[in-house]
Amino acid sequence: MLTEFGKFLKKLRIDKSETLAVMAGKLGISAAYLSSIENGTRDIPGTMISTIMQQYHPGAAVMHDLLKARSATPNKMVEIELASLPPDPVYQQTALMFETYLHLLDRDVVRQIYDIIEANGPYKNKGVPGIIGDDS
């Protein structure tokens, strides 16, 4: 079953004139795994979005499309690679707390968290000191 995220990845790969092997190498996965993600038979790795950002430096419009495709493609499980987080322990502790407590939080609290993350995404905080993505 082709997913929105799979369609996005395939389009990005074709737009960049890359083979499965080339894109997979940039994303740090096998070509077979990339093909499975494109075709919707494998879940999207937790680090996939950040790796795409690092490797392809998409503009705001493409980033919007990427996040929209990601949100339209549900995973059975979401994975956060703790080693990929900044070394400050608060990042790892927050990730572990999400794993443990997210399902227990009131919807309004989850919405507040969502709004904070949405407002502080890497392409929405240009010029905001102290935020990742700040150009100042």
# chains A, B, ... in the order shown; residues from 1 in each chain; ligands from 1
>>> closest_atom_pairs(of="region 60-136 of chain A", to="region 36-48 of chain A", cutoff="7 Å", atoms="only C-alpha atoms", output="JSON lines")
{"residue": "A:Asn75", "atom": "CA", "partner": "A:Asp43", "partner_atom": "CA", "distance": 5.5}
{"residue": "A:Val78", "atom": "CA", "partner": "A:Gly46", "partner_atom": "CA", "distance": 6.1}
{"residue": "A:Glu79", "atom": "CA", "partner": "A:Gly46", "partner_atom": "CA", "distance": 4.6}
{"residue": "A:Ile80", "atom": "CA", "partner": "A:Gly46", "partner_atom": "CA", "distance": 5.1}
{"residue": "A:Glu81", "atom": "CA", "partner": "A:Gly46", "partner_atom": "CA", "distance": 6.7}
>>> residues_around(residues="Thr73 (chain A)", least_positions_apart="2", cutoff="10 Å", atoms="only C-alpha atoms", output="mmCIF file with C-alpha atoms, in the first residue's frame")
data_model
loop_
_atom_site.group_PDB
_atom_site.id
_atom_site.type_symbol
_atom_site.label_atom_id
_atom_site.label_comp_id
_atom_site.auth_asym_id
_atom_site.auth_seq_id
_atom_site.Cartn_x
_atom_site.Cartn_y
_atom_site.Cartn_z
ATOM 1 C CA LEU A 2 1.615 3.226 -1.176
ATOM 2 C CA THR A 3 1.661 5.888 1.550
ATOM 3 C CA GLU A 4 1.870 9.669 1.373
ATOM 4 C CA PHE A 5 5.344 9.540 2.883
ATOM 5 C CA GLY A 6 6.382 6.870 0.380
ATOM 6 C CA GLY A 40 4.474 1.448 2.558
ATOM 7 C CA ASP A 43 7.560 1.900 9.161
ATOM 8 C CA ILE A 44 9.397 5.199 8.890
ATOM 9 C CA LEU A 67 5.839 16.905 7.445
ATOM 10 C CA LYS A 68 2.344 16.722 5.958
ATOM 11 C CA ALA A 69 3.203 13.426 4.233
ATOM 12 C CA ARG A 70 4.745 12.113 7.453
ATOM 13 C CA SER A 71 1.676 12.971 9.511
ATOM 14 C CA ASN A 75 3.432 4.072 12.039
ATOM 15 C CA LYS A 76 2.597 1.188 14.290
#
>>> atom_distance(atom1="CA of Lys11 (chain A)", atom2="CA of Val62 (chain A)")
11.1 Å
>>> closest_residue(among="A:Met77, A:Met23, A:Ile117, A:Ile14", to="Gln55 (chain A)", atoms="only C-alpha atoms")
A:Met23
>>> decode(residues="region 101-126 of chain A", atoms="N, CA, C and O atoms", output="PDB file, in the first residue's frame")
ATOM      1  N   TYR A 101       4.426   8.325  29.228  1.00  0.00           N
ATOM      2  CA  TYR A 101       3.255   9.051  29.716  1.00  0.00           C
ATOM      3  C   TYR A 101       2.359   9.703  28.670  1.00  0.00           C
ATOM      4  O   TYR A 101       1.287  10.191  29.013  1.00  0.00           O
ATOM      5  N   LEU A 102       2.759   9.750  27.415  1.00  0.00           N
ATOM      6  CA  LEU A 102       1.971  10.477  26.423  1.00  0.00           C
ATOM      7  C   LEU A 102       0.513  10.030  26.403  1.00  0.00           C
ATOM      8  O   LEU A 102      -0.397  10.851  26.366  1.00  0.00           O
ATOM      9  N   HIS A 103       0.281   8.749  26.447  1.00  0.00           N
ATOM     10  CA  HIS A 103      -1.093   8.234  26.386  1.00  0.00           C
ATOM     11  C   HIS A 103      -1.916   8.585  27.625  1.00  0.00           C
ATOM     12  O   HIS A 103      -3.143   8.494  27.608  1.00  0.00           O
ATOM     13  N   LEU A 104      -1.264   9.033  28.695  1.00  0.00           N
ATOM     14  CA  LEU A 104      -1.972   9.382  29.927  1.00  0.00           C
ATOM     15  C   LEU A 104      -2.322  10.874  30.017  1.00  0.00           C
ATOM     16  O   LEU A 104      -3.098  11.269  30.878  1.00  0.00           O
ATOM     17  N   LEU A 105      -1.723  11.670  29.131  1.00  0.00           N
ATOM     18  CA  LEU A 105      -1.941  13.112  29.186  1.00  0.00           C
ATOM     19  C   LEU A 105      -3.310  13.493  28.639  1.00  0.00           C
ATOM     20  O   LEU A 105      -3.815  12.885  27.693  1.00  0.00           O
ATOM     21  N   ASP A 106      -3.873  14.529  29.215  1.00  0.00           N
ATOM     22  CA  ASP A 106      -5.130  15.091  28.737  1.00  0.00           C
ATOM     23  C   ASP A 106      -4.921  15.647  27.330  1.00  0.00           C
ATOM     24  O   ASP A 106      -3.857  16.180  27.006  1.00  0.00           O
ATOM     25  N   ARG A 107      -5.930  15.543  26.483  1.00  0.00           N
ATOM     26  CA  ARG A 107      -5.818  16.002  25.104  1.00  0.00           C
ATOM     27  C   ARG A 107      -5.405  17.467  25.018  1.00  0.00           C
ATOM     28  O   ARG A 107      -4.633  17.860  24.145  1.00  0.00           O
ATOM     29  N   ASP A 108      -5.914  18.308  25.923  1.00  0.00           N
ATOM     30  CA  ASP A 108      -5.558  19.731  25.898  1.00  0.00           C
ATOM     31  C   ASP A 108      -4.064  19.934  26.166  1.00  0.00           C
ATOM     32  O   ASP A 108      -3.437  20.804  25.561  1.00  0.00           O
ATOM     33  N   VAL A 109      -3.492  19.135  27.045  1.00  0.00           N
ATOM     34  CA  VAL A 109      -2.061  19.221  27.337  1.00  0.00           C
ATOM     35  C   VAL A 109      -1.269  18.775  26.112  1.00  0.00           C
ATOM     36  O   VAL A 109      -0.285  19.417  25.719  1.00  0.00           O
ATOM     37  N   VAL A 110      -1.697  17.689  25.489  1.00  0.00           N
ATOM     38  CA  VAL A 110      -1.024  17.211  24.281  1.00  0.00           C
ATOM     39  C   VAL A 110      -1.107  18.273  23.192  1.00  0.00           C
ATOM     40  O   VAL A 110      -0.137  18.525  22.471  1.00  0.00           O
ATOM     41  N   ARG A 111      -2.244  18.926  23.083  1.00  0.00           N
ATOM     42  CA  ARG A 111      -2.397  19.997  22.084  1.00  0.00           C
ATOM     43  C   ARG A 111      -1.434  21.143  22.354  1.00  0.00           C
ATOM     44  O   ARG A 111      -0.856  21.723  21.431  1.00  0.00           O
ATOM     45  N   GLN A 112      -1.254  21.495  23.626  1.00  0.00           N
ATOM     46  CA  GLN A 112      -0.305  22.557  23.979  1.00  0.00           C
ATOM     47  C   GLN A 112       1.116  22.160  23.583  1.00  0.00           C
ATOM     48  O   GLN A 112       1.867  22.983  23.045  1.00  0.00           O
ATOM     49  N   ILE A 113       1.488  20.913  23.855  1.00  0.00           N
ATOM     50  CA  ILE A 113       2.810  20.424  23.475  1.00  0.00           C
ATOM     51  C   ILE A 113       2.966  20.481  21.955  1.00  0.00           C
ATOM     52  O   ILE A 113       3.977  20.947  21.428  1.00  0.00           O
ATOM     53  N   TYR A 114       1.942  20.011  21.254  1.00  0.00           N
ATOM     54  CA  TYR A 114       1.950  20.045  19.791  1.00  0.00           C
ATOM     55  C   TYR A 114       2.145  21.477  19.288  1.00  0.00           C
ATOM     56  O   TYR A 114       2.970  21.733  18.399  1.00  0.00           O
ATOM     57  N   ASP A 115       1.393  22.415  19.850  1.00  0.00           N
ATOM     58  CA  ASP A 115       1.479  23.810  19.410  1.00  0.00           C
ATOM     59  C   ASP A 115       2.870  24.397  19.654  1.00  0.00           C
ATOM     60  O   ASP A 115       3.382  25.151  18.828  1.00  0.00           O
ATOM     61  N   ILE A 116       3.476  24.040  20.774  1.00  0.00           N
ATOM     62  CA  ILE A 116       4.835  24.517  21.071  1.00  0.00           C
ATOM     63  C   ILE A 116       5.820  23.979  20.039  1.00  0.00           C
ATOM     64  O   ILE A 116       6.639  24.716  19.483  1.00  0.00           O
ATOM     65  N   ILE A 117       5.724  22.690  19.761  1.00  0.00           N
ATOM     66  CA  ILE A 117       6.641  22.083  18.789  1.00  0.00           C
ATOM     67  C   ILE A 117       6.390  22.649  17.394  1.00  0.00           C
ATOM     68  O   ILE A 117       7.332  22.991  16.673  1.00  0.00           O
ATOM     69  N   GLU A 118       5.136  22.789  17.016  1.00  0.00           N
ATOM     70  CA  GLU A 118       4.785  23.340  15.699  1.00  0.00           C
ATOM     71  C   GLU A 118       5.311  24.765  15.552  1.00  0.00           C
ATOM     72  O   GLU A 118       5.862  25.134  14.520  1.00  0.00           O
ATOM     73  N   ALA A 119       5.177  25.574  16.599  1.00  0.00           N
ATOM     74  CA  ALA A 119       5.613  26.968  16.540  1.00  0.00           C
ATOM     75  C   ALA A 119       7.129  27.110  16.524  1.00  0.00           C
ATOM     76  O   ALA A 119       7.653  28.131  16.090  1.00  0.00           O
ATOM     77  N   ASN A 120       7.831  26.081  16.975  1.00  0.00           N
ATOM     78  CA  ASN A 120       9.288  26.169  17.088  1.00  0.00           C
ATOM     79  C   ASN A 120      10.016  25.213  16.164  1.00  0.00           C
ATOM     80  O   ASN A 120      11.161  24.864  16.414  1.00  0.00           O
ATOM     81  N   GLY A 121       9.355  24.799  15.085  1.00  0.00           N
ATOM     82  CA  GLY A 121       9.997  23.914  14.119  1.00  0.00           C
ATOM     83  C   GLY A 121      11.161  24.600  13.445  1.00  0.00           C
ATOM     84  O   GLY A 121      11.296  25.823  13.493  1.00  0.00           O
ATOM     85  N   PRO A 122      12.013  23.837  12.787  1.00  0.00           N
ATOM     86  CA  PRO A 122      13.249  24.394  12.240  1.00  0.00           C
ATOM     87  C   PRO A 122      13.073  25.470  11.181  1.00  0.00           C
ATOM     88  O   PRO A 122      13.980  26.260  10.969  1.00  0.00           O
ATOM     89  N   TYR A 123      11.936  25.539  10.518  1.00  0.00           N
ATOM     90  CA  TYR A 123      11.749  26.571   9.498  1.00  0.00           C
ATOM     91  C   TYR A 123      10.833  27.688   9.977  1.00  0.00           C
ATOM     92  O   TYR A 123      10.558  28.615   9.242  1.00  0.00           O
ATOM     93  N   LYS A 124      10.387  27.614  11.221  1.00  0.00           N
ATOM     94  CA  LYS A 124       9.497  28.653  11.737  1.00  0.00           C
ATOM     95  C   LYS A 124      10.192  29.551  12.741  1.00  0.00           C
ATOM     96  O   LYS A 124       9.593  30.439  13.280  1.00  0.00           O
ATOM     97  N   ASN A 125      11.448  29.317  13.046  1.00  0.00           N
ATOM     98  CA  ASN A 125      12.112  30.094  14.079  1.00  0.00           C
ATOM     99  C   ASN A 125      13.348  30.816  13.568  1.00  0.00           C
ATOM    100  O   ASN A 125      14.234  31.108  14.322  1.00  0.00           O
ATOM    101  N   LYS A 126      13.383  31.083  12.290  1.00  0.00           N
ATOM    102  CA  LYS A 126      14.502  31.856  11.760  1.00  0.00           C
ATOM    103  C   LYS A 126      14.528  33.205  12.469  1.00  0.00           C
ATOM    104  O   LYS A 126      13.521  33.891  12.552  1.00  0.00           O
TER     105      LYS A 126
END
